[in-house]
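Here's entry.txt, which has compact mmCIF, C-alpha atoms:
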# COMPACT_ATOMS: atom_id res chain seq x y z
CA MET A 1 224.75 -54.73 238.56
CA LYS A 2 228.00 -55.91 237.00
CA ARG A 3 226.14 -58.48 234.89
CA VAL A 4 223.70 -55.85 233.76
CA GLU A 5 226.52 -53.56 232.66
CA ARG A 6 228.27 -56.39 230.79
CA LEU A 7 225.02 -57.31 229.15
CA SER A 8 224.55 -53.68 228.13
CA PHE A 9 228.02 -53.70 226.64
CA SER A 10 227.22 -56.87 224.73
CA ILE A 11 224.05 -55.35 223.39
CA GLY A 12 225.99 -52.26 222.42
CA ILE A 13 228.51 -54.31 220.44
CA VAL A 14 225.72 -56.22 218.78
CA LEU A 15 223.92 -53.06 217.77
CA PHE A 16 227.13 -51.63 216.39
CA SER A 17 227.32 -54.83 214.33
CA ALA A 18 223.85 -54.16 213.03
CA LEU A 19 224.93 -50.62 212.24
CA LEU A 20 227.84 -51.94 210.21
CA SER A 21 225.46 -54.19 208.35
CA PHE A 22 223.29 -51.26 207.29
CA GLY A 23 226.27 -49.03 206.69
CA CYS A 24 227.63 -51.40 204.07
CA ALA A 25 224.49 -50.89 202.06
CA ASP A 26 225.22 -47.22 201.68
CA SER A 27 228.91 -47.38 200.92
CA SER A 28 228.68 -47.25 197.14
CA ASP A 29 230.27 -44.52 195.18
CA ASN A 30 227.93 -42.54 192.98
CA SER A 31 230.39 -42.11 190.17
CA SER A 32 229.32 -42.45 186.57
CA GLU A 33 231.25 -43.02 183.43
CA THR A 34 231.09 -43.14 179.68
CA ALA A 35 230.48 -46.16 177.53
CA SER A 36 230.66 -46.26 173.81
CA GLU A 37 228.08 -47.79 171.56
CA THR A 38 227.94 -50.01 168.56
CA ASP A 39 224.55 -50.95 167.22
CA VAL A 40 222.42 -48.43 169.04
CA PRO A 41 223.00 -45.02 170.62
CA ILE A 42 224.36 -45.36 174.15
CA GLU A 43 224.62 -42.90 176.95
CA GLY A 44 226.66 -43.56 180.05
CA GLN A 45 230.12 -43.40 181.53
CA THR A 46 232.74 -45.75 182.84
CA GLU A 47 236.14 -45.73 184.48
CA THR A 48 237.26 -49.16 183.36
CA THR A 49 238.76 -50.03 180.00
CA GLU A 50 237.80 -53.69 180.30
CA THR A 51 234.73 -54.27 178.22
CA GLY A 52 232.45 -56.96 176.89
CA THR A 53 229.24 -57.35 174.94
CA ILE A 54 225.72 -56.96 176.25
CA THR A 55 222.65 -58.02 174.31
CA ILE A 56 219.24 -56.80 175.40
CA THR A 57 216.17 -58.87 174.69
CA ALA A 58 212.44 -58.64 175.26
CA ASN A 59 210.47 -61.74 176.15
CA GLY A 60 206.72 -62.28 176.50
CA GLU A 61 207.23 -65.89 177.62
CA SER A 62 205.08 -68.69 176.23
CA PHE A 63 201.91 -66.71 176.92
CA SER A 64 202.76 -64.42 174.01
CA THR A 65 203.66 -67.17 171.54
CA ASP A 66 201.36 -70.09 172.40
CA ALA A 67 197.63 -70.31 173.05
CA PHE A 68 196.88 -70.44 176.77
CA LEU A 69 193.90 -70.75 179.08
CA SER A 70 192.99 -67.62 181.01
CA ALA A 71 191.88 -67.67 184.64
CA ASP A 72 188.25 -67.30 183.53
CA GLY A 73 188.35 -70.09 180.96
CA TRP A 74 189.12 -68.34 177.68
CA LEU A 75 191.58 -69.92 175.29
CA ILE A 76 193.65 -66.93 174.18
CA ASP A 77 195.85 -66.96 171.11
CA PHE A 78 197.69 -63.78 170.17
CA ASP A 79 198.35 -62.62 166.62
CA HIS A 80 200.30 -59.63 167.89
CA VAL A 81 201.70 -58.48 171.19
CA LEU A 82 203.12 -55.12 170.21
CA VAL A 83 205.02 -53.34 172.93
CA THR A 84 206.88 -50.07 172.45
CA ILE A 85 209.76 -49.36 174.80
CA ALA A 86 212.23 -46.52 175.16
CA ASP A 87 214.98 -45.27 177.48
CA VAL A 88 216.32 -48.72 178.24
CA GLU A 89 219.05 -48.51 180.85
CA ALA A 90 221.46 -51.24 181.90
CA ILE A 91 222.81 -50.25 185.30
CA GLN A 92 225.48 -51.47 187.71
CA THR A 93 224.94 -50.92 191.44
CA ASP A 94 226.89 -52.05 194.49
CA PRO A 95 225.39 -53.05 196.83
CA PRO A 96 222.76 -54.64 194.64
CA TRP A 97 219.49 -52.76 194.39
CA ILE A 98 216.12 -54.40 194.93
CA PRO A 99 212.66 -52.96 194.20
CA GLU A 100 211.62 -53.07 197.85
CA ASN A 101 214.25 -50.43 198.59
CA GLY A 102 212.32 -47.81 196.67
CA PRO A 103 213.57 -45.52 193.92
CA LEU A 104 217.04 -46.24 192.60
CA ASP A 105 219.45 -43.46 193.53
CA ILE A 106 222.93 -45.02 193.42
CA MET A 107 224.55 -46.14 190.20
CA LEU A 108 228.11 -47.18 189.41
CA CYS A 109 227.56 -47.30 185.68
CA SER A 110 224.65 -46.79 183.34
CA LEU A 111 224.26 -47.55 179.64
CA LYS A 112 221.26 -46.27 177.78
CA LEU A 113 219.42 -47.22 174.61
CA ASP A 114 217.10 -44.41 173.64
CA GLY A 115 214.70 -46.16 171.27
CA PRO A 116 211.79 -46.21 170.87
CA PHE A 117 211.60 -49.85 169.83
CA THR A 118 208.30 -51.44 168.83
CA LEU A 119 208.54 -55.20 169.25
CA ASP A 120 206.08 -57.99 168.55
CA LEU A 121 206.43 -60.44 171.41
CA ALA A 122 204.13 -62.90 169.60
CA ASP A 123 207.19 -63.67 167.46
CA GLY A 124 209.06 -64.95 170.51
CA PRO A 125 211.99 -63.58 172.51
CA MET A 126 213.56 -60.75 170.56
CA GLU A 127 217.01 -59.22 170.74
CA PHE A 128 216.76 -55.50 170.03
CA GLY A 129 219.97 -53.95 171.32
CA THR A 130 223.66 -54.82 171.44
CA VAL A 131 226.50 -53.02 173.18
CA SER A 132 229.84 -54.44 172.11
CA ASP A 133 232.12 -52.41 174.35
CA ALA A 134 230.19 -52.19 177.58
CA PRO A 135 232.22 -51.85 180.78
CA ALA A 136 232.66 -55.18 182.55
CA GLY A 137 230.77 -55.70 185.79
CA ALA A 138 227.47 -56.82 187.22
CA TYR A 139 224.51 -55.23 185.47
CA ASN A 140 222.05 -55.83 188.24
CA VAL A 141 219.42 -53.21 187.41
CA LEU A 142 217.41 -52.88 184.22
CA ARG A 143 215.12 -49.92 183.65
CA TRP A 144 212.88 -49.10 180.70
CA THR A 145 209.79 -47.13 179.80
CA MET A 146 206.78 -48.45 177.95
CA VAL A 147 205.64 -45.59 175.70
CA PRO A 148 202.94 -45.14 173.05
CA GLY A 149 203.98 -46.39 169.62
CA SER A 150 203.84 -44.35 166.45
CA GLU A 151 203.01 -46.88 163.74
CA SER A 152 199.81 -48.72 162.99
CA PRO A 153 198.32 -50.79 164.47
CA SER A 154 199.96 -49.80 167.74
CA ALA A 155 200.05 -46.04 167.07
CA GLY A 156 199.14 -44.33 170.32
CA TYR A 157 199.40 -47.57 172.30
CA SER A 158 202.30 -48.66 174.45
CA LEU A 159 200.84 -52.16 174.47
CA TYR A 160 198.60 -53.49 171.74
CA LEU A 161 197.15 -56.97 171.83
CA SER A 162 195.28 -58.69 169.02
CA GLY A 163 194.20 -62.26 168.50
CA THR A 164 191.45 -64.75 169.16
CA ALA A 165 189.70 -65.75 172.36
CA ALA A 166 187.49 -68.81 172.54
CA LYS A 167 185.31 -70.19 175.31
CA TYR A 168 182.77 -72.98 175.42
CA ASP A 169 179.43 -71.93 176.87
CA GLN A 170 178.03 -75.05 178.54
CA GLN A 171 174.58 -73.61 179.15
CA GLN A 172 174.02 -72.86 175.49
CA ASP A 173 176.25 -75.63 174.16
CA TYR A 174 177.98 -73.06 172.07
CA GLU A 175 181.60 -72.07 171.56
CA MET A 176 182.17 -68.33 171.58
CA ILE A 177 185.03 -67.26 169.34
CA TYR A 178 185.91 -63.57 169.49
CA GLN A 179 188.49 -61.55 167.67
CA PHE A 180 190.06 -58.94 169.93
CA ARG A 181 192.04 -55.77 169.57
CA ILE A 182 192.99 -54.15 172.86
CA GLY A 183 195.16 -51.05 173.22
CA PHE A 184 196.74 -49.51 176.30
CA GLN A 185 197.92 -45.90 176.15
CA GLU A 186 199.75 -45.84 179.47
CA SER A 187 203.38 -44.79 179.75
CA ILE A 188 204.99 -46.75 182.57
CA ARG A 189 208.60 -46.84 183.68
CA TYR A 190 209.74 -50.20 185.07
CA THR A 191 212.87 -50.64 187.18
CA GLY A 192 213.93 -54.20 187.96
CA GLY A 193 216.82 -55.66 189.93
CA GLU A 194 218.90 -58.62 188.85
CA PHE A 195 217.28 -61.13 186.51
CA VAL A 196 215.57 -63.97 188.36
CA GLY A 197 215.59 -67.23 186.43
CA GLU A 198 217.26 -70.53 185.77
CA VAL A 199 220.34 -68.88 184.25
CA ARG A 200 222.17 -65.94 185.77
CA LYS A 201 222.18 -62.92 183.47
CA GLY A 202 223.90 -59.57 183.68
CA ILE A 203 227.41 -60.57 184.84
CA LEU A 204 229.78 -59.21 182.19
CA GLN A 205 233.37 -60.43 182.32
CA PRO A 206 236.09 -58.60 180.36
CA GLY A 207 235.94 -59.85 176.80
CA GLY A 208 232.79 -61.81 177.59
CA ARG A 209 229.12 -61.63 176.74
CA THR A 210 225.97 -61.39 178.77
CA GLU A 211 222.29 -60.85 178.18
CA LEU A 212 219.73 -58.64 179.86
CA GLU A 213 216.05 -59.41 179.51
CA LEU A 214 212.92 -57.33 179.76
CA THR A 215 210.18 -59.82 180.56
CA PHE A 216 206.49 -59.11 180.09
CA HIS A 217 204.11 -61.23 182.16
CA LEU A 218 200.88 -61.32 180.16
CA ASP A 219 199.40 -63.76 182.66
CA HIS A 220 199.10 -60.81 185.02
CA LEU A 221 196.40 -59.49 182.69
CA PHE A 222 194.55 -62.68 181.89
CA GLY A 223 195.52 -65.10 184.64
CA ASP A 224 196.64 -68.68 184.14
CA GLY A 225 193.91 -71.32 183.88
CA THR A 226 196.37 -74.08 184.69
CA LEU A 227 196.73 -72.71 188.21
CA PRO A 228 194.09 -72.93 190.94
CA SER A 229 191.49 -70.17 190.86
CA ASP A 230 192.51 -69.04 194.34
CA ASN A 231 196.14 -68.68 193.27
CA GLN A 232 197.48 -65.22 194.05
CA LEU A 233 198.06 -64.50 190.35
CA ASN A 234 194.53 -65.50 189.35
CA ARG A 235 192.92 -63.56 192.16
CA ALA A 236 194.61 -60.40 190.92
CA ALA A 237 194.27 -60.90 187.16
CA PRO A 238 191.29 -59.21 185.41
CA GLY A 239 190.90 -62.16 182.98
CA PHE A 240 189.23 -61.85 179.59
CA ASP A 241 185.58 -61.51 180.66
CA VAL A 242 186.09 -57.80 181.37
CA PHE A 243 186.99 -57.32 177.69
CA ALA A 244 184.45 -59.82 176.29
CA ALA A 245 181.65 -57.77 177.83
CA PHE A 246 182.24 -55.18 175.08
CA MET A 247 182.06 -57.62 172.15
CA GLN A 248 180.20 -56.39 169.10
CA GLU A 249 179.57 -58.71 166.16
CA GLY A 250 182.20 -61.13 167.31
CA VAL A 251 184.88 -58.50 167.79
CA VAL A 252 186.23 -56.90 170.97
CA ASP A 253 187.83 -53.61 169.97
CA VAL A 254 188.59 -51.47 172.99
CA ASP A 255 191.31 -49.38 174.52
CA MET A 256 192.18 -48.39 178.05
CA ALA A 257 190.59 -44.96 177.79
CA PHE A 258 187.28 -46.59 176.83
CA LEU A 259 187.60 -49.24 179.51
CA ARG A 260 188.36 -46.69 182.19
CA ASP A 261 185.11 -44.93 181.36
CA ASN A 262 182.99 -48.04 180.99
CA LEU A 263 184.24 -50.70 183.38
CA PRO A 264 183.10 -50.87 186.99
CA GLU A 265 185.64 -49.00 189.09
CA GLU A 266 186.85 -52.17 190.76
CA ASP A 267 187.62 -53.83 187.41
CA SER A 268 189.24 -50.70 186.07
CA ILE A 269 191.56 -50.48 189.07
CA ARG A 270 192.41 -54.16 188.81
CA LEU A 271 193.24 -53.73 185.13
CA GLU A 272 195.49 -50.77 185.78
CA GLU A 273 197.28 -52.63 188.55
CA ALA A 274 197.81 -55.65 186.28
CA LEU A 275 199.28 -53.40 183.61
CA ALA A 276 201.59 -51.81 186.16
CA THR A 277 202.97 -55.22 187.14
CA LEU A 278 203.44 -56.42 183.56
CA GLY A 279 207.15 -55.60 183.45
CA HIS A 280 209.55 -58.08 185.04
CA VAL A 281 213.16 -59.17 184.86
CA GLY A 282 212.67 -62.90 184.44
CA GLU A 283 210.56 -63.77 187.48
CA GLY A 284 211.76 -60.74 189.41
CA HIS A 285 209.20 -57.99 189.71
CA CYS A 286 209.85 -54.33 189.00
CA LEU A 287 209.20 -51.04 190.63
CA HIS A 288 206.78 -49.16 188.39
CA GLU A 289 206.14 -45.49 187.88
CA ARG A 290 203.29 -44.09 185.80
CA LEU A 291 204.45 -41.21 183.64
CA MET B 1 228.09 -67.94 230.53
CA LYS B 2 229.04 -64.51 229.31
CA ASP B 3 230.02 -65.91 225.90
CA SER B 4 226.78 -67.77 225.41
CA SER B 5 224.65 -64.73 226.24
CA PHE B 6 226.72 -62.67 223.84
CA ARG B 7 226.28 -65.18 221.03
CA GLY B 8 222.55 -65.34 221.68
CA ILE B 9 222.23 -61.60 221.33
CA MET B 10 224.45 -61.57 218.27
CA PHE B 11 222.22 -64.18 216.66
CA LEU B 12 219.13 -62.11 217.33
CA SER B 13 220.83 -59.01 216.08
CA ILE B 14 221.75 -60.60 212.79
CA LEU B 15 218.30 -62.09 212.52
CA PHE B 16 216.78 -58.68 213.12
CA SER B 17 219.03 -56.85 210.71
CA ALA B 18 218.44 -59.42 208.00
CA SER B 19 214.73 -59.84 208.37
CA LEU B 20 213.81 -56.92 206.16
CA PRO B 21 212.03 -57.97 202.99
CA VAL B 22 214.66 -57.98 200.30
CA MET B 23 213.14 -59.23 197.11
CA GLY B 24 210.21 -60.94 195.72
CA HIS B 25 207.28 -61.41 193.53
CA GLY B 26 204.95 -61.99 196.41
CA VAL B 27 207.90 -63.49 198.25
CA GLU B 28 209.62 -62.69 201.53
CA LEU B 29 213.23 -63.79 201.94
CA MET B 30 215.56 -63.52 204.87
CA CYS B 31 218.86 -64.94 205.92
CA VAL B 32 220.48 -65.90 209.22
CA SER B 33 224.22 -66.55 209.33
CA GLU B 34 225.06 -68.06 212.71
CA PRO B 35 227.07 -70.29 212.46
CA SER B 36 225.95 -71.63 209.10
CA ILE B 37 223.79 -69.64 206.70
CA THR B 38 220.07 -70.24 206.85
CA VAL B 39 217.76 -68.91 204.16
CA TYR B 40 214.08 -68.54 204.96
CA ALA B 41 211.67 -68.13 202.04
CA ALA B 42 207.93 -67.52 202.21
CA TYR B 43 205.12 -66.06 200.18
CA ASP B 44 204.12 -62.62 201.37
CA SER B 45 201.10 -64.32 202.94
CA GLY B 46 203.54 -66.04 205.30
CA GLU B 47 203.16 -69.48 203.73
CA PRO B 48 206.60 -71.15 203.53
CA LEU B 49 208.06 -71.46 200.06
CA SER B 50 208.64 -75.19 200.46
CA GLY B 51 210.38 -76.85 197.56
CA ALA B 52 211.80 -73.57 196.28
CA VAL B 53 215.09 -73.87 194.43
CA VAL B 54 217.99 -72.07 196.12
CA THR B 55 220.97 -71.21 193.96
CA VAL B 56 224.08 -69.82 195.60
CA PHE B 57 226.67 -67.83 193.65
CA HIS B 58 229.91 -66.20 194.66
CA LYS B 59 229.47 -62.50 194.10
CA GLY B 60 229.85 -61.55 190.45
CA VAL B 61 230.15 -65.13 189.19
CA ASP B 62 227.88 -66.68 186.57
CA GLU B 63 228.07 -70.29 187.67
CA PRO B 64 226.54 -71.34 190.99
CA PHE B 65 228.70 -73.16 193.50
CA MET B 66 225.74 -74.68 195.28
CA THR B 67 222.08 -75.44 194.67
CA GLY B 68 219.47 -76.91 196.95
CA ILE B 69 215.81 -77.11 197.84
CA CYS B 70 213.97 -75.39 200.69
CA ASP B 71 212.42 -77.78 203.21
CA GLU B 72 208.76 -77.77 204.25
CA MET B 73 209.48 -74.76 206.46
CA GLY B 74 210.83 -72.81 203.49
CA ARG B 75 214.30 -73.18 204.96
CA TYR B 76 217.66 -73.97 203.38
CA ILE B 77 220.85 -74.28 205.41
CA PHE B 78 224.37 -74.30 204.07
CA SER B 79 227.92 -73.43 205.04
CA SER B 80 230.34 -71.02 203.46
CA LEU B 81 233.78 -69.72 204.25
CA PRO B 82 233.75 -66.58 206.40
CA GLY B 83 234.30 -63.38 204.50
CA THR B 84 232.79 -64.73 201.30
CA ALA B 85 230.40 -62.45 199.45
CA LEU B 86 227.43 -64.43 198.21
CA ASP B 87 224.45 -63.84 195.94
CA ILE B 88 221.56 -66.20 196.68
CA GLN B 89 218.57 -66.67 194.39
CA VAL B 90 215.38 -68.35 195.57
CA MET B 91 212.73 -69.28 193.00
CA LYS B 92 209.56 -71.34 192.79
CA ASP B 93 206.69 -71.35 190.28
CA GLY B 94 207.20 -67.86 188.95
CA HIS B 95 208.04 -66.37 192.33
CA GLY B 96 211.54 -65.46 193.30
CA GLY B 97 214.15 -63.01 194.42
CA TRP B 98 217.69 -62.43 195.56
CA LEU B 99 219.53 -62.22 198.86
CA HIS B 100 223.01 -60.72 199.05
CA ILE B 101 225.60 -61.34 201.72
CA SER B 102 228.59 -59.03 201.70
CA ALA B 103 232.16 -60.04 202.51
CA ASP B 104 232.54 -57.53 205.33
CA GLY B 105 233.03 -59.70 208.38
CA ILE B 106 231.50 -59.09 211.76
CA GLU B 107 233.29 -60.45 214.81
CA GLY B 108 231.87 -63.87 215.60
CA ASP B 109 229.88 -64.00 212.43
CA ASN B 110 230.34 -65.21 208.88
CA GLY B 111 229.68 -61.86 207.34
CA SER B 112 227.38 -58.92 207.33
CA ILE B 113 224.15 -59.04 205.45
CA THR B 114 223.12 -56.26 203.19
CA SER B 115 219.78 -55.75 201.60
CA GLY B 116 220.40 -52.65 199.56
CA SER B 117 220.30 -49.00 200.51
CA PRO B 118 218.78 -48.27 203.89
CA GLY B 119 215.29 -46.85 204.02
CA THR B 120 213.74 -44.79 206.81
CA PRO B 121 213.11 -47.73 209.18
CA GLU B 122 216.70 -48.85 208.78
CA LYS B 123 217.97 -45.33 209.42
CA ILE B 124 215.94 -45.17 212.62
CA ILE B 125 217.40 -48.51 213.69
CA MET B 126 220.88 -47.25 212.85
CA THR B 127 220.35 -44.24 215.09
CA VAL B 128 219.13 -46.45 217.93
CA CYS B 129 222.17 -48.70 217.39
CA VAL B 130 224.55 -45.77 217.76
CA VAL B 131 222.94 -44.45 220.93
CA TRP B 132 222.62 -47.86 222.55
CA GLY B 133 226.13 -48.79 221.56
CA LEU B 134 227.56 -45.67 223.15
CA ILE B 135 225.62 -46.24 226.36
CA GLY B 136 226.69 -49.87 226.53
CA THR B 137 230.33 -48.97 225.97
CA ALA B 138 230.23 -46.25 228.61
CA LEU B 139 228.69 -48.63 231.13
CA TYR B 140 231.36 -51.22 230.40
CA PHE B 141 234.26 -48.82 231.06
CA ARG B 142 232.50 -47.50 234.12
CA SER B 143 232.23 -51.07 235.35
CA GLY B 144 235.93 -51.63 234.70
CA THR B 145 236.90 -48.49 236.61
CA ARG B 146 234.83 -49.58 239.59
CA ALA B 147 236.42 -53.02 239.56
CA SER B 148 239.96 -51.60 239.54
CA ASP B 149 239.05 -49.15 242.31
CA ALA B 150 237.72 -52.01 244.39
CA SER B 151 240.80 -54.16 243.86
CA ALA B 152 243.07 -51.21 244.75
Serialized structure, structure tokens:
Amino acid sequence: MKRVERLSFSIGIVLFSALLSFGCADSSDNSSETASETDVPIEGQTETTETGTITITANGESFSTDAFLSADGWLIDFDHVLVTIADVEAIQTDPPWIPENGPLDIMLCSLKLDGPFTLDLADGPMEFGTVSDAPAGAYNVLRWTMVPGSESPSAGYSLYLSGTAAKYDQQQDYEMIYQFRIGFQESIRYTGGEFVGEVRKGILQPGGRTELELTFHLDHLFGDGTLPSDNQLNRAAPGFDVFAAFMQEGVVDVDMAFLRDNLPEEDSIRLEEALATLGHVGEGHCLHERL
Amino acid sequence: MKDSSFRGIMFLSILFSASLPVMGHGVELMCVSEPSITVYAAYDSGEPLSGAVVTVFHKGVDEPFMTGICDEMGRYIFSSLPGTALDIQVMKDGHGGWLHISADGIEGDNGSITSGSPGTPEKIIMTVCVVWGLIGTALYFRSGTRASDASA
């Protein structure tokens, strides 16, 4: 009996330890503070007077700048990858927030760039915002909204893709070369945790500089032909065939509203899911919310 | 004997509290810190993330103080001073995520492990922890009282 009671006490101590572990995760203060702005309008608050410079960039990776092979064998080369983003927020949290924890509800500090900004990711990584007196600290959450643009050719589209897709048809010994223009109207808010990549980003020391990056994974739409066909990415990606099916006179000119009405339901759902997972922070995925 | 059973339970407790999915792009990460720190990384299918690059940072520091590679079991083991807050990134082929270890020490352990704000499952576990802890403590003092009565 004595051993049982001691064992119960041990278990009790252990479970209190586990309680402490969880309790630490909820110990953050929910204070917010003001930050000033330089190059773009900023909203936010801070207690500290120690500041540094944050640059915010958008990156479509090599898929947006170089021709690549899709999961279904199309060689895709973009002329434009126009993405329009707004309400970009650089946020500090402690403890760090991760997407698996659900909606973000605790912030130590938040800086906001209103936008909207329409960026062409086919031109390569693009810096579109600078905050020269941002409060020092760890900016470990990045949130933004992809919203419809207002200028041609992306007017009405939050994401507009144009370029050339080519595929060799072995049966007919013929190379198909299609021009494509694909527009997506969806407004989606992405919330990512700390940047995942070869270099750590988001740690701002007083007087220092850091970079935050919105990363768009276009391979989630088209897949990556250099990976095995049963790779998780390629199994989920719609590929280009779903768009090529609507080619007319060598041109694929479609938007999401048309596709939703004309694609088989399974393909339509897959396409919407791929779009929802487009936004990343480096290789770190984001929580998404359709607006 | 008593010490070893206690340590065994502590190990399981830390394992349990840290085994929640904490980050990933199709990746599950967890961390065990008894006595050294062991990182386990796997795809969400359960396949180990063998060969994944592990980069260990002190909290809030740009430069890593340690890097390594997960073994064929998706495992990476390293040592750190107790009470050191760490940020650990695991990445392989476009998949990756973060683990965070806070500096708050737990008796007999290198530090507590946090994985962000608690969700509903964690809150349920917290409630169970409180109840079980109170019962265990009460039984211990009851045992002590009986022992002193017997010796008197």
Legend entry - Selected residue, from A:His80, A:Arg209, A:His288, A:Lys167, that lies nearest to Ser154 (chain A) when counting all atoms listed in the file: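 Selected residue with least distance to Ser154 (chain A): A:His80.
Counting from CA of Gly156 (chain A), the distance to CA of Asp120 (chain A) is 15.4 Å.
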Inset, instruction - Calculate how many Å separate CA of Gly73 (chain A) from CA of Ser229 (chain A), rounding to one decimal. - result: 10.4 Å
Inset, instruction - Write out as JSON, numbers by chain the residues lying within 7 Å of Lys59 (chain B), counting all atoms listed in the file and excluding same-chain residues fewer than 2 positions away. - result: {"B": [57, 61, 85, 86, 87]}
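Comparing the minimum interatomic distances between Gly124 (chain A) and each of A:Asn262, A:Thr164, A:Asn59, A:Ser150, counting all atoms listed in the file, we find that A:Asn59 sits nearest.
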Legend entry - Straight-line distance linking CA of Asp241 (chain A) with CA of Glu273 (chain A), stated in Å to one decimal: 16.7 Å
Test item: axis-aligned box, all listed atoms of region 85-94 of chain B, 3 Å on each side, centre and edges in Å rounded to one decimal, as lines of an AutoDock Vina configuration file:
center_x = 218.5
center_y = -66.9
center_z = 194.2
size_x = 29.7
size_y = 14.9
size_z = 16.5
As a CSV table (one decimal) with C-alpha atoms, keeping the file's coordinate frame, please: the residues near Ala42 (chain B) (cut-off 6 Å, all atoms listed in the file, same-chain neighbours under 6 positions excluded).
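Full text of out10.csv as output:
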chain,number,residue,atom,x,y,z
B,27,VAL,CA,207.9,-63.5,198.2
B,28,GLU,CA,209.6,-62.7,201.5
B,48,PRO,CA,206.6,-71.2,203.5
B,49,LEU,CA,208.1,-71.5,200.1
Inset, instruction - Could you give me, as a ChimeraX atom specification, the residues within 10 Å of Ala237 (chain A), counting all atoms listed in the file and dropping anything in the same chain fewer than 3 positions from it? - result: /A:70-72,218-224,232-234,240,267,270-271,273-275
Inset, instruction - For region 71-80 of chain B, work out the shell of residues within 9 Å, counting all atoms listed in the file and skipping chain neighbours fewer than 3 positions away, then give it as a ChimeraX atom specification. - result: /B:33,35-42,47-52,54,66,68,83-84,86,110
What's the 6 Å shell around Val141 (chain A), counting only C-alpha atoms, without same-chain residues fewer than 3 positions away, as an mmCIF file with C-alpha atoms, keeping the file's coordinate frame?
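For reference, around28.cif as written:
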data_model
loop_
_atom_site.group_PDB
_atom_site.id
_atom_site.type_symbol
_atom_site.label_atom_id
_atom_site.label_comp_id
_atom_site.auth_asym_id
_atom_site.auth_seq_id
_atom_site.Cartn_x
_atom_site.Cartn_y
_atom_site.Cartn_z
ATOM 1 C CA ILE A 91 222.810 -50.250 185.300
ATOM 2 C CA GLY A 192 213.930 -54.200 187.960
ATOM 3 C CA GLY A 193 216.820 -55.660 189.930
ATOM 4 C CA GLU A 194 218.900 -58.620 188.850
#
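Restricting the calculation to all atoms listed in the file, the smallest distance between Asp44 (chain B) and any of B:Gly94, B:Leu29, B:His58, B:Cys70 is found for B:Leu29.
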